[in-house]
Amino acid sequence: MGEWVLNGGAWPNDQVQLCAQGLLLRANGFPSTSGRIFYRGNRKSVRVAFTEPLIQFTLSVIRRAHELEHEPMPLPLRQSNRCFRCSLNAICLPDETLHLLGSVEEEGETPPKIRDIVPRRDDLATVYVTGHGTRVGKSGFEVTIVQPDGDKTTLPMKDVRHISLFGNVQISTQLIHECLEQGISVSYLTAAGRLLGMAHPINTKNVLVRQAQFRRFDDEQTRLRLAQAIVRAKILNQRTLLRRNGSGVKRDVLQKLKEAADRTSITGEIGSLLGIEGWAAKLYIEHFPSMLKVAGAPPGQVVMNGRNRRPPKDPVNALLSLAYSLLAREVYAAVVAVGLDPLLGFYHRIEPGRPALVLDLMEPFRPIVADSVVLRVLNTGELEWSDFYMGPESCALKDKGRKTFFLAFERRMHEMVTHPVFGYRMSYRRILELEVRLLSRFLMGEFPEYRPLVTR
Ligand code: SF4
């Protein structure tokens, strides 16, 4: 750094950023010799002259930034107050990273507390649009939803994080453009709730994350380790749900699930893991009804006859299928936002059109998010037997019931829980995003291992 450091008293990093913008203007034919920075804290406006030394330094920073693209991310700052205002804190995760690396404390030193740097919950809305013929569009800065009978609802665009369209709902091109510009994803689902696809902004960033994902996929040991961790976490979370909610579940059932989870770490191939997962799932589903109370069920009616789908044959299975679909949508959006390829998973088989990575990451969350919502809406009587159409071979949720279920799912995603590793409270939605980010950092070689979420 040279004499430009004192250039009007602005911070050096601010000067470089402003100078880079000035250079862009020059490159596009606009004369640009200085800029101004307004510091809100002390309400001071500072002029920054684009002097030759500042320009040379800015160019050297740009060169260095390009070189760094191919180097691993440096260790974050330790307990720095700068992290609170840093725009990268949600990606950098400074305290979490140092905690997971566990190597920064001097011997005998107490590990620093993980601070509340990243907001633990976002208050943006997921918009669910159902109903044949409903139209969704944009008017100014608002999303408009118009029912076939002309009834209109509007909500500010700035409050929306995602729009989900079920069945034959029409959406305007203007709104899709705006969503893509604003980073709002749009998912398309069938009327029954099966996820068909998603519109999201072009993933121009993070190509290096995808490159690392493909590279690590080629390593059999990495694939196995990840698959083991995923299956173990899923079984332990199933066990926790059963332990907390099952009535009359014998201890030996819980013990068997624990043993199945332990066996995952000694398997030498993914095929054996599939066997363990299937065996544990069968045991779990067998005892699923012990956690259930379905209000209004006809006397003697079996409320759940194992796991069945396409089509589901009873209310519990209809809700489980819908909940898994909503969870898949959540994970898909998080995977794309982080820059990973949703189709390249480590445990689920790669097949054309199958979002194997989404299915991988969903596994530990199935019991604690999806199954848990299903139990809650049925056990509290929010949904009753009469909320379902019962056919001879299939069962589906009625419109009113679907709205109730969407609200319950959103409540679960917003629910604050204590993160078992980091010890702070955050919403399930944030935890899910965090998981995807931690996986991406593992794939980039920044963490020695990836441990999916296991609740206590
Ligand atoms: S959040 Fe990360 S990038 Fe930002 S200041 Fe802290 S350590 Fe640096």
# chains A, B, ... in the order shown; residues from 1 in each chain; ligands from 1
>>> residues_near_ligand(ligand="ligand 1", cutoff="8 Å", atoms="only C-alpha atoms and all ligand atoms", output="ChimeraX atom specification")
/A:75-78,80-94
>>> write_last_selection(atoms="N, CA and C atoms", output="PDB file, in the first residue's frame")
ATOM      1  N   LEU A  75      -8.163 -19.547   6.604  1.00  0.00           N
ATOM      2  CA  LEU A  75      -8.901 -19.648   7.863  1.00  0.00           C
ATOM      3  C   LEU A  75      -9.606 -18.331   8.142  1.00  0.00           C
ATOM      4  N   PRO A  76     -10.801 -18.362   8.689  1.00  0.00           N
ATOM      5  CA  PRO A  76     -11.483 -17.105   8.988  1.00  0.00           C
ATOM      6  C   PRO A  76     -10.805 -16.361  10.139  1.00  0.00           C
ATOM      7  N   LEU A  77     -11.181 -15.100  10.283  1.00  0.00           N
ATOM      8  CA  LEU A  77     -10.662 -14.313  11.404  1.00  0.00           C
ATOM      9  C   LEU A  77     -11.243 -14.885  12.701  1.00  0.00           C
ATOM     10  N   ARG A  78     -10.505 -14.730  13.759  1.00  0.00           N
ATOM     11  CA  ARG A  78     -10.939 -15.310  15.026  1.00  0.00           C
ATOM     12  C   ARG A  78     -11.597 -14.240  15.891  1.00  0.00           C
ATOM     13  N   SER A  80     -13.493 -11.863  15.370  1.00  0.00           N
ATOM     14  CA  SER A  80     -13.380 -10.487  14.899  1.00  0.00           C
ATOM     15  C   SER A  80     -14.759  -9.836  14.806  1.00  0.00           C
ATOM     16  N   ASN A  81     -14.816  -8.575  15.236  1.00  0.00           N
ATOM     17  CA  ASN A  81     -16.095  -7.868  15.146  1.00  0.00           C
ATOM     18  C   ASN A  81     -16.462  -7.533  13.707  1.00  0.00           C
ATOM     19  N   ARG A  82     -15.456  -7.586  12.835  1.00  0.00           N
ATOM     20  CA  ARG A  82     -15.728  -7.278  11.424  1.00  0.00           C
ATOM     21  C   ARG A  82     -16.719  -8.280  10.829  1.00  0.00           C
ATOM     22  N   CYS A  83     -16.715  -9.494  11.361  1.00  0.00           N
ATOM     23  CA  CYS A  83     -17.567 -10.544  10.779  1.00  0.00           C
ATOM     24  C   CYS A  83     -19.043 -10.172  10.846  1.00  0.00           C
ATOM     25  N   PHE A  84     -19.428  -9.380  11.866  1.00  0.00           N
ATOM     26  CA  PHE A  84     -20.854  -9.052  12.002  1.00  0.00           C
ATOM     27  C   PHE A  84     -21.381  -8.283  10.803  1.00  0.00           C
ATOM     28  N   ARG A  85     -20.514  -7.436  10.219  1.00  0.00           N
ATOM     29  CA  ARG A  85     -21.004  -6.622   9.099  1.00  0.00           C
ATOM     30  C   ARG A  85     -20.517  -7.147   7.756  1.00  0.00           C
ATOM     31  N   CYS A  86     -19.854  -8.275   7.777  1.00  0.00           N
ATOM     32  CA  CYS A  86     -19.276  -8.789   6.530  1.00  0.00           C
ATOM     33  C   CYS A  86     -20.367  -9.434   5.669  1.00  0.00           C
ATOM     34  N   SER A  87     -20.380  -9.088   4.383  1.00  0.00           N
ATOM     35  CA  SER A  87     -21.431  -9.628   3.511  1.00  0.00           C
ATOM     36  C   SER A  87     -21.214 -11.121   3.237  1.00  0.00           C
ATOM     37  N   LEU A  88     -20.049 -11.631   3.603  1.00  0.00           N
ATOM     38  CA  LEU A  88     -19.762 -13.045   3.315  1.00  0.00           C
ATOM     39  C   LEU A  88     -19.987 -13.946   4.521  1.00  0.00           C
ATOM     40  N   ASN A  89     -20.502 -13.381   5.608  1.00  0.00           N
ATOM     41  CA  ASN A  89     -20.501 -14.193   6.835  1.00  0.00           C
ATOM     42  C   ASN A  89     -21.322 -15.474   6.732  1.00  0.00           C
ATOM     43  N   ALA A  90     -22.407 -15.444   5.923  1.00  0.00           N
ATOM     44  CA  ALA A  90     -23.223 -16.658   5.816  1.00  0.00           C
ATOM     45  C   ALA A  90     -22.493 -17.744   5.029  1.00  0.00           C
ATOM     46  N   ILE A  91     -21.551 -17.333   4.179  1.00  0.00           N
ATOM     47  CA  ILE A  91     -20.785 -18.312   3.401  1.00  0.00           C
ATOM     48  C   ILE A  91     -19.535 -18.719   4.188  1.00  0.00           C
ATOM     49  N   CYS A  92     -18.905 -17.736   4.779  1.00  0.00           N
ATOM     50  CA  CYS A  92     -17.647 -17.979   5.490  1.00  0.00           C
ATOM     51  C   CYS A  92     -17.863 -18.762   6.789  1.00  0.00           C
ATOM     52  N   LEU A  93     -18.982 -18.475   7.489  1.00  0.00           N
ATOM     53  CA  LEU A  93     -19.299 -19.130   8.767  1.00  0.00           C
ATOM     54  C   LEU A  93     -18.058 -19.164   9.675  1.00  0.00           C
ATOM     55  N   PRO A  94     -17.546 -17.988  10.059  1.00  0.00           N
ATOM     56  CA  PRO A  94     -16.229 -17.966  10.711  1.00  0.00           C
ATOM     57  C   PRO A  94     -16.136 -18.803  11.984  1.00  0.00           C
TER      58      PRO A  94
END
>>> residues_around(residues="Pro119 of chain A", least_positions_apart="3", cutoff="9 Å", atoms="only C-alpha atoms", output="number ranges by chain")
A: 90, 116, 122, 426, 430
>>> write_last_selection(atoms="N, CA and C atoms", output="PDB file, in the first residue's frame")
ATOM      1  N   ALA A  90     -22.407 -15.444   5.923  1.00  0.00           N
ATOM      2  CA  ALA A  90     -23.223 -16.658   5.816  1.00  0.00           C
ATOM      3  C   ALA A  90     -22.493 -17.744   5.029  1.00  0.00           C
ATOM      4  N   ASP A 116     -23.636 -15.226  17.495  1.00  0.00           N
ATOM      5  CA  ASP A 116     -24.816 -15.070  16.633  1.00  0.00           C
ATOM      6  C   ASP A 116     -24.488 -14.102  15.519  1.00  0.00           C
ATOM      7  N   ASP A 122     -34.942 -16.649   8.797  1.00  0.00           N
ATOM      8  CA  ASP A 122     -35.359 -15.559   7.915  1.00  0.00           C
ATOM      9  C   ASP A 122     -36.875 -15.478   7.956  1.00  0.00           C
ATOM     10  N   MET A 426     -31.585 -22.019  16.000  1.00  0.00           N
ATOM     11  CA  MET A 426     -31.854 -21.542  14.648  1.00  0.00           C
ATOM     12  C   MET A 426     -33.023 -22.340  14.061  1.00  0.00           C
ATOM     13  N   ARG A 430     -32.961 -22.711   8.288  1.00  0.00           N
ATOM     14  CA  ARG A 430     -31.563 -22.262   8.337  1.00  0.00           C
ATOM     15  C   ARG A 430     -30.613 -23.450   8.542  1.00  0.00           C
TER      16      ARG A 430
END
>>> residues_around(residues="Met291 of chain A", least_positions_apart="3", cutoff="8 Å", atoms="only C-alpha atoms", output="list in words")
Leu242, Asn245, Gly246, Ser247, His287, Phe288 and Leu375 of chain A
>>> residues_around(residues="Arg194 of chain A", least_positions_apart="4", cutoff="7 Å", atoms="only C-alpha atoms", output="PDB file with C-alpha atoms, in the first residue's frame")
ATOM      1  CA  LEU A 189     -45.530 -29.334  -8.453  1.00  0.00           C
ATOM      2  CA  THR A 190     -48.398 -31.515  -9.612  1.00  0.00           C
ATOM      3  CA  SER A 325     -42.174 -33.565  -1.651  1.00  0.00           C
TER       4      SER A 325
END
>>> closest_residue(among="A:Ala337, A:Ile145, A:Ala318, A:Leu59", to="Pro201 of chain A", atoms="only C-alpha atoms")
A:Ala337
>>> closest_residue(among="A:Ile184, A:Ile431, A:Leu327, A:Ala396", to="Arg309 of chain A", atoms="only C-alpha atoms")
A:Ala396
>>> residues_around(residues="Val338 of chain A", least_positions_apart="2", cutoff="9 Å", atoms="only C-alpha atoms", output="ChimeraX atom specification")
/A:91,205-206,209,333-336,340,433,436-437,440
>>> atom_distance(atom1="atom CA of Ala10 of chain A", atom2="atom CA of Phe30 of chain A")
23.4 Å
>>> residues_around(residues="segment 276-283 of chain A", least_positions_apart="3", cutoff="9 Å", atoms="only C-alpha atoms", output="PyMOL selection string")
chain A and resi 231-232+234-235+238+253+256-257+260-261+263-264+272-273+286-288+306-307
>>> residues_around(residues="Arg412 of chain A", least_positions_apart="5", cutoff="12 Å", atoms="only C-alpha atoms", output="VMD selection string")
chain A and resid 323 326 to 327 365 368 to 377 405 to 407 417 426 to 431
>>> select_by_dssp(residues="segment 28-180 of chain A", states="alpha helix (DSSP H)", output="MDAnalysis selection string")
chainID A and resid 52:68 82:85 89:92 94:101 173:180
>>> write_last_selection(atoms="N, CA and C atoms", output="compact mmCIF listing (two decimals), in the first residue's frame")
# COMPACT_ATOMS: atom_id res chain seq x y z
N GLU A 52 -2.88 7.17 -9.55
CA GLU A 52 -2.16 6.05 -10.18
C GLU A 52 -1.79 4.96 -9.16
N PRO A 53 -1.25 5.36 -7.97
CA PRO A 53 -0.92 4.31 -6.99
C PRO A 53 -2.15 3.47 -6.59
N LEU A 54 -3.30 4.16 -6.42
CA LEU A 54 -4.51 3.41 -6.03
C LEU A 54 -4.92 2.47 -7.17
N ILE A 55 -4.84 2.98 -8.41
CA ILE A 55 -5.21 2.12 -9.56
C ILE A 55 -4.29 0.91 -9.63
N GLN A 56 -2.99 1.13 -9.45
CA GLN A 56 -2.05 0.00 -9.53
C GLN A 56 -2.33 -1.01 -8.42
N PHE A 57 -2.63 -0.49 -7.23
CA PHE A 57 -2.91 -1.40 -6.13
C PHE A 57 -4.19 -2.20 -6.40
N THR A 58 -5.21 -1.49 -6.92
CA THR A 58 -6.49 -2.16 -7.23
C THR A 58 -6.26 -3.28 -8.25
N LEU A 59 -5.44 -2.99 -9.28
CA LEU A 59 -5.17 -4.01 -10.30
C LEU A 59 -4.44 -5.20 -9.68
N SER A 60 -3.54 -4.91 -8.74
CA SER A 60 -2.81 -6.02 -8.13
C SER A 60 -3.76 -6.86 -7.25
N VAL A 61 -4.74 -6.20 -6.62
CA VAL A 61 -5.73 -6.93 -5.80
C VAL A 61 -6.57 -7.83 -6.71
N ILE A 62 -6.95 -7.30 -7.86
CA ILE A 62 -7.76 -8.10 -8.80
C ILE A 62 -6.97 -9.32 -9.26
N ARG A 63 -5.69 -9.10 -9.58
CA ARG A 63 -4.85 -10.24 -10.00
C ARG A 63 -4.77 -11.28 -8.90
N ARG A 64 -4.58 -10.79 -7.68
CA ARG A 64 -4.45 -11.72 -6.55
C ARG A 64 -5.77 -12.48 -6.32
N ALA A 65 -6.89 -11.77 -6.51
CA ALA A 65 -8.20 -12.43 -6.33
C ALA A 65 -8.35 -13.58 -7.32
N HIS A 66 -7.88 -13.36 -8.56
CA HIS A 66 -7.97 -14.43 -9.56
C HIS A 66 -7.09 -15.62 -9.16
N GLU A 67 -5.91 -15.30 -8.62
CA GLU A 67 -5.03 -16.40 -8.19
C GLU A 67 -5.68 -17.20 -7.06
N LEU A 68 -6.35 -16.48 -6.16
CA LEU A 68 -6.95 -17.15 -4.99
C LEU A 68 -8.09 -18.08 -5.35
N ARG A 82 -15.46 -7.59 12.84
CA ARG A 82 -15.73 -7.28 11.42
C ARG A 82 -16.72 -8.28 10.83
N CYS A 83 -16.72 -9.49 11.36
CA CYS A 83 -17.57 -10.54 10.78
C CYS A 83 -19.04 -10.17 10.85
N PHE A 84 -19.43 -9.38 11.87
CA PHE A 84 -20.85 -9.05 12.00
C PHE A 84 -21.38 -8.28 10.80
N ARG A 85 -20.51 -7.44 10.22
CA ARG A 85 -21.00 -6.62 9.10
C ARG A 85 -20.52 -7.15 7.76
N ASN A 89 -20.50 -13.38 5.61
CA ASN A 89 -20.50 -14.19 6.84
C ASN A 89 -21.32 -15.47 6.73
N ALA A 90 -22.41 -15.44 5.92
CA ALA A 90 -23.22 -16.66 5.82
C ALA A 90 -22.49 -17.74 5.03
N ILE A 91 -21.55 -17.33 4.18
CA ILE A 91 -20.78 -18.31 3.40
C ILE A 91 -19.53 -18.72 4.19
N CYS A 92 -18.91 -17.74 4.78
CA CYS A 92 -17.65 -17.98 5.49
C CYS A 92 -17.86 -18.76 6.79
N PRO A 94 -17.55 -17.99 10.06
CA PRO A 94 -16.23 -17.97 10.71
C PRO A 94 -16.14 -18.80 11.98
N ASP A 95 -17.08 -18.60 12.92
CA ASP A 95 -16.95 -19.31 14.21
C ASP A 95 -17.24 -20.80 14.05
N GLU A 96 -18.20 -21.11 13.18
CA GLU A 96 -18.55 -22.52 12.95
C GLU A 96 -17.37 -23.25 12.33
N THR A 97 -16.71 -22.57 11.38
CA THR A 97 -15.57 -23.19 10.70
C THR A 97 -14.46 -23.50 11.70
N LEU A 98 -14.13 -22.50 12.54
CA LEU A 98 -13.06 -22.70 13.52
C LEU A 98 -13.44 -23.80 14.50
N HIS A 99 -14.73 -23.84 14.85
CA HIS A 99 -15.19 -24.87 15.78
C HIS A 99 -15.02 -26.26 15.16
N LEU A 100 -15.44 -26.40 13.88
CA LEU A 100 -15.36 -27.72 13.24
C LEU A 100 -13.91 -28.14 13.00
N LEU A 101 -13.07 -27.16 12.72
CA LEU A 101 -11.67 -27.52 12.50
C LEU A 101 -11.00 -27.89 13.82
N THR A 173 -44.76 -14.24 -17.27
CA THR A 173 -43.32 -14.17 -17.59
C THR A 173 -42.68 -13.02 -16.81
N GLN A 174 -43.43 -11.91 -16.67
CA GLN A 174 -42.87 -10.77 -15.94
C GLN A 174 -42.48 -11.17 -14.52
N LEU A 175 -43.36 -11.96 -13.90
CA LEU A 175 -43.06 -12.35 -12.52
C LEU A 175 -41.86 -13.31 -12.49
N ILE A 176 -41.80 -14.23 -13.46
CA ILE A 176 -40.66 -15.15 -13.47
C ILE A 176 -39.36 -14.37 -13.65
N HIS A 177 -39.37 -13.41 -14.57
CA HIS A 177 -38.16 -12.60 -14.77
C HIS A 177 -37.75 -11.92 -13.47
N GLU A 178 -38.74 -11.33 -12.81
CA GLU A 178 -38.43 -10.60 -11.57
C GLU A 178 -37.88 -11.56 -10.50
N CYS A 179 -38.49 -12.74 -10.42
CA CYS A 179 -38.03 -13.73 -9.44
C CYS A 179 -36.57 -14.11 -9.73
N LEU A 180 -36.27 -14.33 -11.00
CA LEU A 180 -34.91 -14.72 -11.36
C LEU A 180 -33.92 -13.60 -11.03
>>> atom_distance(atom1="atom CA of Arg225 of chain A", atom2="atom CA of Ile266 of chain A")
10.3 Å
>>> select_by_dssp(residues="segment 194-381 of chain A", states="strand (DSSP E or B)", output="PyMOL selection string")
chain A and resi 195-199
>>> closest_residue(among="A:His70, A:Leu254, A:Arg456, A:Leu322", to="Arg366 of chain A", atoms="only C-alpha atoms")
A:Leu322
>>> atom_distance(atom1="atom CA of Pro448 of chain A", atom2="atom CA of Leu224 of chain A")
14.6 Å
>>> closest_residue(among="A:Leu236, A:Met157, A:Leu397, A:Val186", to="Gln255 of chain A", atoms="only C-alpha atoms")
A:Leu236
>>> closest_atom_pairs(of="segment 368-453 of chain A", to="segment 125-135 of chain A", cutoff="9 Å", atoms="only C-alpha atoms", output="tab-separated table")
residue	atom	partner	partner_atom	distance
A:Asp399	CA	A:Gly131	CA	8.3
A:Lys403	CA	A:Tyr128	CA	8.5
A:Phe406	CA	A:Tyr128	CA	7.6
A:Glu410	CA	A:Thr126	CA	7.9
